Amino acid sequence: PQDPPLSSTPEPRPHPSSFAGMDFLAENNLCGQSILKLVSRGNAIVAELLRLSDFIPSIFKLESKEEKEKYSFILPDFAYFQGPDYYEKNIDQNQELQDRDEEFRENHIEIVTRFYKVFESIHKYVMDLKRFLEDLEEGVFIQQTVENVLLNEDGKQLLSESLYLYGVMLLVVDLKIEGVVRERMLVAFHRYSAHSSVDSNIDDVCKLLRSTGYQRSPVVRRPSKYPEEYFSRIPISELFVEMVIGRLRSDDIYNQISAFPSPEHRSTALATQAGMLYVILFFSPNILHNQQAQMREIVDKHFPDNWVISMYMGITVNLCEAWEPYKAAKTALNNTLLPGNIQQLSSRVFGRVPLVSKQVEDYLVEGTLTDEFVLDNIAKLMNCLRDSNATIRWIILHTAPVADFHKRCKQIRDELCVSYNAQKLFLLLLYTAQFEFLLKEMFKKLLAEKQLKWEAYKKEGAERMAELGEVFSGTKPLTRVEKNEHLQAWFTEMSSQITSLSYDDSTSAGRKISQLIQALDEVQEFHQLETNLQVKQFLEDTKRFLIQMLRTINIKEEVLTTLEIVADLSYAWVLIDSYTGYMQGNIKQRPALVIKLRATFLKMSTALQLPCQRIDQAKSPDLASVSAYYSRELVGYVRKVMQIIPQSMFIVLHQIIDILTNRMQEVPTRLDKDKMKEAAQLDARYEVAKLTHDISVYTEGVLMMKTTLVGIIKIDPKQLLEDGIRKELVQQVALALHNGLIFNPKAKTSELEPKLKALSERLSGFRRSFEYVQDYVNIYGLKIWQEEVSRIINFNVEQECNSFFRQKVYEWQSIYQSQSIPIPRFPPVDSSVNFIGRLAQEILRVTDYRTTTYIDQMNAWYDKKTTQELVNLKLWEQLKDAVDVFGLSAVDRLFSFMIVQELQTFLKYLTRFLLRPGAPFLKVMAAFGQELSNPERLIADAPKVYAQMMTSCAKIWGPFLDCVMKVGQLQLIKKQISLELNRSCKVESKLLCNSLMTLNQSVLTAIEAHYRDPSNPYPGEDNAILYELTPYLETAGINDPLSKIFVTTSAVKSFGLASFMFIISQLAKLEYTKSLGSMKSRRPVDPIDGPPFVAGCISLLHQFHSDHTHQCLECLGQYVRSTVEAQATGKEKNPDLMSDTVSALSFLETFAAYGHLPRRAIERYVPTYIFDEFKHAVSV
């Protein structure tokens, strides 16, 4: 979760300085401010619960058998508290459990702590509410009691909301976070963090939020006495609960009925209050069970024609199922649920849909909604909106699959759905939203220009009257108008009367304007001014201006407020998703419909006022976090709806790819005249042009949509289109990579090359089509392609490498993952997490040192048995073509992690078994160490000494050999990848390659200069050049994998001697082959091969101090000289050197070549003539 945790600062204990006379929400009214801040915090807690519910680590659910076996002991539920010592003792005594527990703590402590903080906030909220009620009862707030607070309009709203929000928190926790998951989280926090928190009240939190047994599943029955027992875990004053219920029963606490004056709309007007009442009634289950009169009153007022309600932000409840266990409630509701009543209701509501739709569509006809029309018909327009919104609300709620597992609920819904047409309802919603949007914009404009227009109309009216006065004075000529002093004086007085009208005193101005209009009618009639058309026109104009002034003065903010109340869509915050298919289907048919959908999205954004209003009033710092959460949710839904456009684009793109790839042929450079028509391929080109036009039409619809503020997030249509295209591209490419890189490990011949070729062709087609279409949709195709493909590959390699990390990088923590453009994750098909792991494993399988031989001169692997070539340089080129440079680098990075893992495993083996104090090997090494202590001298009776050495240690080299061979194999592969990356960089980015090589050489020169003369500067830790340059060099292949240090090691005594003993013990399994120019295993069954063996030894020695490498080479030189001497002076004269000695010499030569050592460095240990002779001495 990206948002900061909600604020949970403690509520200040109010000072007894409040009094009843002041405004309840005034800043100096501590009673009002205390309850306002509490309600604000309640809304923030609910938002945090909803946010975190999307980030519950799956491991806490223990859904798979593997997870249960692995984590059930370190993730216990509340059974842990019955015997914590038992659990802790077992974990402490088991090293594997201890490591797993520590790893789990490091990876999950942050998210567990955040969950605990929100759980603790719920407990703190209810305790603060209880304290506030106690303070009211004790008279801490002077002249304030529960009774008179409930008489205050704001007071009764806030007190009701405070209790209601506590109930919502409890229900949301149980709905979104399963009971056993909560228990595991609380136990985990207790084990890992509770001891460090002095103020932790974890015991009380655990008692409040222990599992209720409720599960959101149609199979599992609802627990008995749920949720009333859950609500009673922390008792709330019964008197307070009854008083709140009484107020909700009798009052319209939000004054919503004024916005819905029609009796038909009463349940819609009281819908918010009804949702609150539903929750609060669980605090007083006696009413639900036994108080039939009260329940009948509640149902008759709030639920006479509805039984599916929105509890909070679209969380819906079917009262038919929810109130079934409660006798009084069920009996009262049965009147509403009578079949005749339901049939009558459905006929009335569904019959209203076509009528209201026609009415709204008529108003939306171009030119209908003018300023004059709106001002004259505002009552009629508002009634139309009330009808349409009430109809939409009833149908969306009652046709939704809420509690379908309940037989009667499903039966009622099925009956309603017979008359239900989702497409017609969607269109009604669409047109209603557009109608509301236009009305709002018009009223905002009228309100903004209200005073200017008033003054302009007043000026025009006064001037008209003044001009008429001048006309009747006789000084201003007007055809056939005689001088009339009485009319002159009257019109002059009228002008001054109009001028004296005051904008600020709208009530008296309105009355006065009405009188002036009446006076103008009378003067026109009694003085027979109608006979003069020009005078009549002046009078008519003045009346028109006065009427406009009257209309303008009647433009009130209340209309917009009523419009906001009527247009509320918070009840459909979740259910609107069921209409996504209709939205997308209509967009696909008519892309321009997006413009109307913009109004629907804006209508949905009004739902944000419900949770944010109190937070804003309290000026809480939580406002940014809460509004950002709901805004992001809404923007995510907008993206989901609009994704149909990129999806449709890509469907068309596939057709374009097929035509361009399979049907259209390139025009030859020379062409016969009679074949021009055939070469033009007009039909195929026309089809491509038509498909391209379709793509342009799709994108045009989005780009016509204006920039829109949804909540607090601004949606730019161009960015929305680009993000949609990116999302669809990511889906398609990720799917292609997933499906294209699935291998059969039992296949006789490798599937690697055919799969890479097919994948390369598919992705190449994507890329070509993207390049083709980019100009038609105004995007940077290549930029998008490279960014998204690199993101997909980097994300997958990061997730694959998680298995090597103690502290994991989870999907929601990854810098490569995005909420708006998510990279899909597919279920694993083998032991690997994703396609990167499968690709790496397949490469390792086809180059396995147990079954293949690597020939360095050919840069290729051959089958040991058949000598058939399996892998050569072409593979790496195909790999680059298939997964690009990003994929090649990613595989290289994964192999690096594998090497690190192998080396770490080896170091554990080395320190815990081989070189641990008192180990038998140390005694053997000490004995032979004395024999080999002087590398300059020759060993007497060398064959016997070395044979004895190899025999005494023969059984301990298994893990040593495994590590060396695996690391060697990985290093040879990394070397090939590095060569391909470097070749690609030189060919495709010559300037970049040369620049990197020059910079690398300059840095190395600077470092060498520092070591020659320490006064020269050295790039220290504060200089980032080395850290920033290294990734560029590795991606460009300007590196040597064999010289890389992968792990840090502590000082190990005589590791060089141990390495020498290991090497000569394995040389017996190898033989130098003159035709290959390198060593190979003597027997095909031996799990060893020459080049990976040497590469592994070099890499292993590189992880330790260079003295160990020097010691190992000294001992090898001594071994070669001693065995050659023994051969030369033995009784049996053999002109050929012993096979093991030749293998040792070949090892040293390959070691020098791989390690980039000059020959003279090796000749320090072995005479030159021996190196010159050994290859000639080999017969094969």
# chains A, B, ... in the order shown; residues from 1 in each chain; ligands from 1
call {"tool": "select_by_dssp", "arguments": {"residues": "stretch 1064-1122 of chain A", "states": "strand (DSSP E or B)", "output": "list in words"}}
result
Leu1070, Glu1071, Tyr1072, Thr1073, Ser1078, Met1079, Lys1080 and Ser1081 of chain A
call {"tool": "write_last_selection", "arguments": {"atoms": "C-alpha atoms", "output": "PDB file, in the first residue's frame"}}
result
ATOM      1  CA  LEU A1070      40.228 -36.035 -16.402  1.00  0.00           C
ATOM      2  CA  GLU A1071      42.466 -36.552 -19.385  1.00  0.00           C
ATOM      3  CA  TYR A1072      43.997 -34.180 -21.854  1.00  0.00           C
ATOM      4  CA  THR A1073      42.806 -34.853 -25.433  1.00  0.00           C
ATOM      5  CA  SER A1078      41.535 -29.418 -23.590  1.00  0.00           C
ATOM      6  CA  MET A1079      40.613 -31.883 -20.866  1.00  0.00           C
ATOM      7  CA  LYS A1080      37.531 -34.056 -20.754  1.00  0.00           C
ATOM      8  CA  SER A1081      36.303 -36.755 -18.390  1.00  0.00           C
TER       9      SER A1081
END
call {"tool": "residues_around", "arguments": {"residues": "stretch 878-881 of chain A", "least_positions_apart": "2", "cutoff": "10 Å", "atoms": "only C-alpha atoms", "output": "VMD selection string"}}
result
chain A and resid 752 to 757 759 to 761 763 to 764 839 873 to 876 883 to 889 891 977 980 to 981 984
call {"tool": "closest_residue", "arguments": {"among": "A:Val1094, A:Ala684, A:Cys953, A:Ala448", "to": "A:Pro920", "atoms": "only C-alpha atoms"}}
result
A:Cys953
call {"tool": "residues_around", "arguments": {"residues": "stretch 643-656 of chain A", "least_positions_apart": "4", "cutoff": "7 Å", "atoms": "only C-alpha atoms", "output": "ChimeraX atom specification"}}
result
/A:584,588,639,660,688,691,695,698,724-725,728,769
call {"tool": "closest_residue", "arguments": {"among": "A:Ser1059, A:Thr272, A:Gln292, A:Gln841", "to": "A:His1102", "atoms": "only C-alpha atoms"}}
result
A:Ser1059
call {"tool": "residues_around", "arguments": {"residues": "A:Tyr363", "least_positions_apart": "2", "cutoff": "12 Å", "atoms": "only C-alpha atoms", "output": "PyMOL selection string"}}
result
chain A and resi 356-361+365-370+373-374+377+380-382+384-385+431-432+434-436+438-439
call {"tool": "residues_around", "arguments": {"residues": "stretch 592-604 of chain A", "least_positions_apart": "5", "cutoff": "7 Å", "atoms": "only C-alpha atoms", "output": "list of chain:residue names"}}
result
A:Leu430, A:Ala433, A:Gln434, A:Phe437, A:Ala567, A:Leu569, A:Ser570, A:Ile587, A:Gly701, A:Val702, A:Met704, A:Met705, A:Val710
call {"tool": "select_by_dssp", "arguments": {"residues": "stretch 16-85 of chain A", "states": "alpha helix (DSSP H)", "output": "PyMOL selection string"}}
result
chain A and resi 30-52+65-71+84-85
call {"tool": "write_last_selection", "arguments": {"atoms": "C-alpha atoms", "output": "short mmCIF file (atom, residue, chain, number, x, y, z; two decimals), in the first residue's frame"}}
result
data_model
loop_
_atom_site.label_atom_id
_atom_site.label_comp_id
_atom_site.auth_asym_id
_atom_site.auth_seq_id
_atom_site.Cartn_x
_atom_site.Cartn_y
_atom_site.Cartn_z
CA LEU A 30 -14.82 21.53 22.52
CA CYS A 31 -17.77 19.17 22.70
CA GLY A 32 -18.51 19.51 18.98
CA GLN A 33 -14.85 19.45 17.98
CA SER A 34 -14.16 16.33 20.05
CA ILE A 35 -16.95 14.28 18.47
CA LEU A 36 -16.16 15.71 15.01
CA LYS A 37 -12.52 14.62 15.26
CA LEU A 38 -13.62 11.20 16.48
CA VAL A 39 -15.98 10.72 13.53
CA SER A 40 -13.27 12.00 11.17
CA ARG A 41 -10.88 9.38 12.56
CA GLY A 42 -13.56 6.71 12.16
CA ASN A 43 -13.89 7.40 8.44
CA ALA A 44 -10.10 7.32 8.08
CA ILE A 45 -9.90 3.96 9.89
CA VAL A 46 -12.50 2.42 7.57
CA ALA A 47 -10.56 3.70 4.53
CA GLU A 48 -7.35 2.20 5.92
CA LEU A 49 -9.09 -1.14 6.50
CA LEU A 50 -10.38 -1.19 2.92
CA ARG A 51 -6.94 -0.21 1.61
CA LEU A 52 -5.05 -2.83 3.61
CA LYS A 65 -0.71 -27.78 1.63
CA GLU A 66 2.90 -26.70 1.16
CA GLU A 67 2.32 -23.42 3.04
CA LYS A 68 0.58 -25.24 5.89
CA GLU A 69 3.47 -27.65 6.31
CA LYS A 70 6.04 -24.88 6.12
CA TYR A 71 4.48 -22.06 8.15
CA PRO A 84 3.36 -19.81 24.14
CA ASP A 85 6.34 -21.53 25.76
#
call {"tool": "residues_around", "arguments": {"residues": "A:Val180", "least_positions_apart": "3", "cutoff": "10 Å", "atoms": "only C-alpha atoms", "output": "list in words"}}
result
Phe60, Lys61, Pro76, Asp77, Phe78, Ile177, Glu183, Arg184, Met185, Leu186, Arg210, Ser211, Thr212, Gly213, Tyr214 and Gln215 of chain A
call {"tool": "write_last_selection", "arguments": {"atoms": "N, CA and C atoms", "output": "PDB file, in the first residue's frame"}}
result
ATOM      1  N   PHE A  60      -0.546 -15.654   5.101  1.00  0.00           N
ATOM      2  CA  PHE A  60      -1.333 -15.696   6.332  1.00  0.00           C
ATOM      3  C   PHE A  60      -2.580 -16.560   6.169  1.00  0.00           C
ATOM      4  N   LYS A  61      -2.970 -16.813   4.932  1.00  0.00           N
ATOM      5  CA  LYS A  61      -4.178 -17.616   4.704  1.00  0.00           C
ATOM      6  C   LYS A  61      -3.878 -19.119   4.754  1.00  0.00           C
ATOM      7  N   PRO A  76       0.812 -19.444  14.197  1.00  0.00           N
ATOM      8  CA  PRO A  76      -0.356 -20.028  14.877  1.00  0.00           C
ATOM      9  C   PRO A  76      -1.462 -18.985  15.054  1.00  0.00           C
ATOM     10  N   ASP A  77      -2.683 -19.466  15.294  1.00  0.00           N
ATOM     11  CA  ASP A  77      -3.770 -18.557  15.643  1.00  0.00           C
ATOM     12  C   ASP A  77      -3.744 -18.352  17.158  1.00  0.00           C
ATOM     13  N   PHE A  78      -4.893 -18.030  17.753  1.00  0.00           N
ATOM     14  CA  PHE A  78      -4.898 -17.732  19.193  1.00  0.00           C
ATOM     15  C   PHE A  78      -4.630 -18.952  20.063  1.00  0.00           C
ATOM     16  N   ILE A 177     -11.176  -9.168   6.261  1.00  0.00           N
ATOM     17  CA  ILE A 177     -10.019  -9.871   6.833  1.00  0.00           C
ATOM     18  C   ILE A 177     -10.550 -11.027   7.673  1.00  0.00           C
ATOM     19  N   GLU A 183      -6.191 -13.367  13.580  1.00  0.00           N
ATOM     20  CA  GLU A 183      -5.536 -13.963  14.747  1.00  0.00           C
ATOM     21  C   GLU A 183      -4.060 -14.225  14.470  1.00  0.00           C
ATOM     22  N   ARG A 184      -3.768 -14.742  13.276  1.00  0.00           N
ATOM     23  CA  ARG A 184      -2.356 -15.000  12.943  1.00  0.00           C
ATOM     24  C   ARG A 184      -1.547 -13.710  12.903  1.00  0.00           C
ATOM     25  N   MET A 185      -2.155 -12.637  12.367  1.00  0.00           N
ATOM     26  CA  MET A 185      -1.466 -11.347  12.324  1.00  0.00           C
ATOM     27  C   MET A 185      -1.195 -10.814  13.729  1.00  0.00           C
ATOM     28  N   LEU A 186      -2.200 -10.927  14.598  1.00  0.00           N
ATOM     29  CA  LEU A 186      -2.032 -10.421  15.958  1.00  0.00           C
ATOM     30  C   LEU A 186      -0.992 -11.223  16.732  1.00  0.00           C
ATOM     31  N   ARG A 210     -10.766 -11.044  18.034  1.00  0.00           N
ATOM     32  CA  ARG A 210     -10.602 -12.489  17.853  1.00  0.00           C
ATOM     33  C   ARG A 210     -11.648 -12.989  16.847  1.00  0.00           C
ATOM     34  N   SER A 211     -11.401 -14.144  16.285  1.00  0.00           N
ATOM     35  CA  SER A 211     -12.264 -14.673  15.223  1.00  0.00           C
ATOM     36  C   SER A 211     -13.704 -14.827  15.704  1.00  0.00           C
ATOM     37  N   THR A 212     -14.635 -14.427  14.862  1.00  0.00           N
ATOM     38  CA  THR A 212     -16.068 -14.567  15.169  1.00  0.00           C
ATOM     39  C   THR A 212     -16.648 -15.856  14.610  1.00  0.00           C
ATOM     40  N   GLY A 213     -15.883 -16.522  13.741  1.00  0.00           N
ATOM     41  CA  GLY A 213     -16.393 -17.717  13.070  1.00  0.00           C
ATOM     42  C   GLY A 213     -17.102 -17.414  11.773  1.00  0.00           C
ATOM     43  N   TYR A 214     -17.275 -16.103  11.479  1.00  0.00           N
ATOM     44  CA  TYR A 214     -17.957 -15.719  10.231  1.00  0.00           C
ATOM     45  C   TYR A 214     -17.029 -15.926   9.041  1.00  0.00           C
ATOM     46  N   GLN A 215     -17.562 -16.508   7.972  1.00  0.00           N
ATOM     47  CA  GLN A 215     -16.816 -16.659   6.724  1.00  0.00           C
ATOM     48  C   GLN A 215     -17.708 -16.247   5.565  1.00  0.00           C
TER      49      GLN A 215
END
call {"tool": "residues_around", "arguments": {"residues": "stretch 223-229 of chain A", "least_positions_apart": "6", "cutoff": "10 Å", "atoms": "only C-alpha atoms", "output": "short mmCIF file (atom, residue, chain, number, x, y, z; two decimals) with all heavy atoms, in the first residue's frame"}}
result
data_model
loop_
_atom_site.label_atom_id
_atom_site.label_comp_id
_atom_site.auth_asym_id
_atom_site.auth_seq_id
_atom_site.Cartn_x
_atom_site.Cartn_y
_atom_site.Cartn_z
N GLY A 167 -19.58 0.35 14.33
CA GLY A 167 -20.19 -0.88 13.81
C GLY A 167 -19.67 -1.22 12.41
O GLY A 167 -19.41 -2.39 12.11
N LEU A 170 -16.22 -2.85 12.60
CA LEU A 170 -16.27 -4.26 12.99
C LEU A 170 -16.74 -5.14 11.83
O LEU A 170 -16.17 -6.22 11.59
CB LEU A 170 -17.20 -4.42 14.19
CG LEU A 170 -16.76 -3.72 15.49
CD1 LEU A 170 -17.79 -3.95 16.58
CD2 LEU A 170 -15.39 -4.20 15.94
N LEU A 171 -17.76 -4.69 11.12
CA LEU A 171 -18.28 -5.49 10.00
C LEU A 171 -17.29 -5.56 8.85
O LEU A 171 -17.11 -6.61 8.23
CB LEU A 171 -19.62 -4.90 9.53
CG LEU A 171 -20.79 -5.03 10.51
CD1 LEU A 171 -22.00 -4.28 9.99
CD2 LEU A 171 -21.14 -6.50 10.75
N ASP A 174 -14.45 -7.98 9.64
CA ASP A 174 -14.86 -9.38 9.49
C ASP A 174 -15.13 -9.74 8.05
O ASP A 174 -14.95 -10.90 7.64
CB ASP A 174 -16.11 -9.64 10.33
CG ASP A 174 -15.97 -10.90 11.17
OD1 ASP A 174 -14.83 -11.34 11.38
OD2 ASP A 174 -16.99 -11.45 11.61
N THR A 212 -14.63 -14.43 14.86
CA THR A 212 -16.07 -14.57 15.17
C THR A 212 -16.65 -15.86 14.61
O THR A 212 -17.78 -16.22 14.93
CB THR A 212 -16.85 -13.39 14.56
OG1 THR A 212 -16.68 -13.41 13.14
CG2 THR A 212 -16.37 -12.06 15.11
N GLY A 213 -15.88 -16.52 13.74
CA GLY A 213 -16.39 -17.72 13.07
C GLY A 213 -17.10 -17.41 11.77
O GLY A 213 -17.48 -18.32 11.03
N TYR A 214 -17.27 -16.10 11.48
CA TYR A 214 -17.96 -15.72 10.23
C TYR A 214 -17.03 -15.93 9.04
O TYR A 214 -15.85 -15.58 9.08
CB TYR A 214 -18.38 -14.25 10.31
CG TYR A 214 -18.92 -13.71 9.00
CD1 TYR A 214 -20.22 -13.95 8.60
CD2 TYR A 214 -18.10 -12.95 8.15
CE1 TYR A 214 -20.72 -13.46 7.41
CE2 TYR A 214 -18.58 -12.44 6.95
CZ TYR A 214 -19.88 -12.70 6.58
OH TYR A 214 -20.37 -12.21 5.40
N GLN A 215 -17.56 -16.51 7.97
CA GLN A 215 -16.82 -16.66 6.72
C GLN A 215 -17.71 -16.25 5.57
O GLN A 215 -18.89 -16.60 5.53
CB GLN A 215 -16.36 -18.10 6.53
CG GLN A 215 -15.29 -18.55 7.51
CD GLN A 215 -14.81 -19.95 7.21
OE1 GLN A 215 -14.71 -20.37 6.06
NE2 GLN A 215 -14.52 -20.70 8.26
N VAL A 279 -26.97 -0.86 10.89
CA VAL A 279 -25.77 -1.21 11.65
C VAL A 279 -26.00 -1.01 13.15
O VAL A 279 -25.67 -1.88 13.97
CB VAL A 279 -24.57 -0.35 11.17
CG1 VAL A 279 -23.35 -0.59 12.05
CG2 VAL A 279 -24.24 -0.65 9.72
N LEU A 281 -28.66 -1.03 14.95
CA LEU A 281 -29.61 -1.96 15.59
C LEU A 281 -28.91 -3.19 16.16
O LEU A 281 -29.43 -3.82 17.10
CB LEU A 281 -30.69 -2.38 14.58
CG LEU A 281 -31.84 -1.39 14.39
CD1 LEU A 281 -32.70 -1.80 13.20
CD2 LEU A 281 -32.68 -1.28 15.65
N PHE A 282 -27.72 -3.57 15.63
CA PHE A 282 -27.01 -4.73 16.17
C PHE A 282 -26.46 -4.44 17.57
O PHE A 282 -26.10 -5.36 18.29
CB PHE A 282 -25.88 -5.16 15.24
CG PHE A 282 -26.38 -5.81 13.97
CD1 PHE A 282 -26.06 -5.28 12.73
CD2 PHE A 282 -27.17 -6.94 14.02
CE1 PHE A 282 -26.51 -5.86 11.56
CE2 PHE A 282 -27.63 -7.53 12.85
CZ PHE A 282 -27.31 -7.00 11.62
N PHE A 283 -26.36 -3.16 17.96
CA PHE A 283 -25.95 -2.83 19.32
C PHE A 283 -27.11 -3.02 20.30
O PHE A 283 -26.91 -3.02 21.52
CB PHE A 283 -25.45 -1.38 19.39
CG PHE A 283 -24.13 -1.16 18.73
CD1 PHE A 283 -24.06 -0.57 17.48
CD2 PHE A 283 -22.95 -1.53 19.35
CE1 PHE A 283 -22.84 -0.35 16.86
CE2 PHE A 283 -21.72 -1.32 18.75
CZ PHE A 283 -21.66 -0.74 17.49
N SER A 284 -28.32 -3.16 19.76
CA SER A 284 -29.50 -3.38 20.61
C SER A 284 -30.32 -4.54 20.03
O SER A 284 -31.39 -4.36 19.46
CB SER A 284 -30.35 -2.10 20.66
OG SER A 284 -31.45 -2.27 21.49
N PRO A 285 -29.81 -5.76 20.13
CA PRO A 285 -30.49 -6.92 19.50
C PRO A 285 -31.87 -7.18 20.06
O PRO A 285 -32.69 -7.82 19.41
CB PRO A 285 -29.53 -8.09 19.81
CG PRO A 285 -28.69 -7.63 20.95
CD PRO A 285 -28.57 -6.15 20.83
N ASN A 286 -32.16 -6.66 21.26
CA ASN A 286 -33.49 -6.85 21.84
C ASN A 286 -34.57 -6.26 20.93
O ASN A 286 -35.65 -6.84 20.78
CB ASN A 286 -33.54 -6.21 23.23
CG ASN A 286 -34.91 -6.39 23.87
OD1 ASN A 286 -35.43 -7.50 23.92
ND2 ASN A 286 -35.50 -5.30 24.33
N ALA A 322 -30.22 -10.88 6.18
CA ALA A 322 -29.56 -10.35 7.38
C ALA A 322 -30.45 -10.38 8.60
O ALA A 322 -29.99 -10.59 9.72
CB ALA A 322 -29.10 -8.92 7.11
N PRO A 325 -32.62 -14.20 11.39
CA PRO A 325 -32.60 -14.79 12.75
C PRO A 325 -33.39 -13.98 13.77
O PRO A 325 -33.55 -14.42 14.90
CB PRO A 325 -31.11 -14.79 13.12
CG PRO A 325 -30.37 -14.53 11.84
CD PRO A 325 -31.29 -13.73 11.00
N TYR A 326 -33.86 -12.79 13.41
CA TYR A 326 -34.48 -11.90 14.39
C TYR A 326 -36.00 -11.88 14.15
O TYR A 326 -36.47 -11.43 13.10
CB TYR A 326 -33.90 -10.49 14.27
CG TYR A 326 -32.39 -10.48 14.29
CD1 TYR A 326 -31.66 -10.30 13.11
CD2 TYR A 326 -31.70 -10.68 15.48
CE1 TYR A 326 -30.28 -10.32 13.13
CE2 TYR A 326 -30.32 -10.69 15.52
CZ TYR A 326 -29.61 -10.51 14.33
OH TYR A 326 -28.24 -10.53 14.34
#
call {"tool": "atom_distance", "arguments": {"atom1": "atom CA of A:Glu522", "atom2": "atom CA of A:Tyr503"}}
result
25.6 Å
call {"tool": "atom_distance", "arguments": {"atom1": "atom CA of A:His108", "atom2": "atom CA of A:Ala79"}}
result
20.8 Å
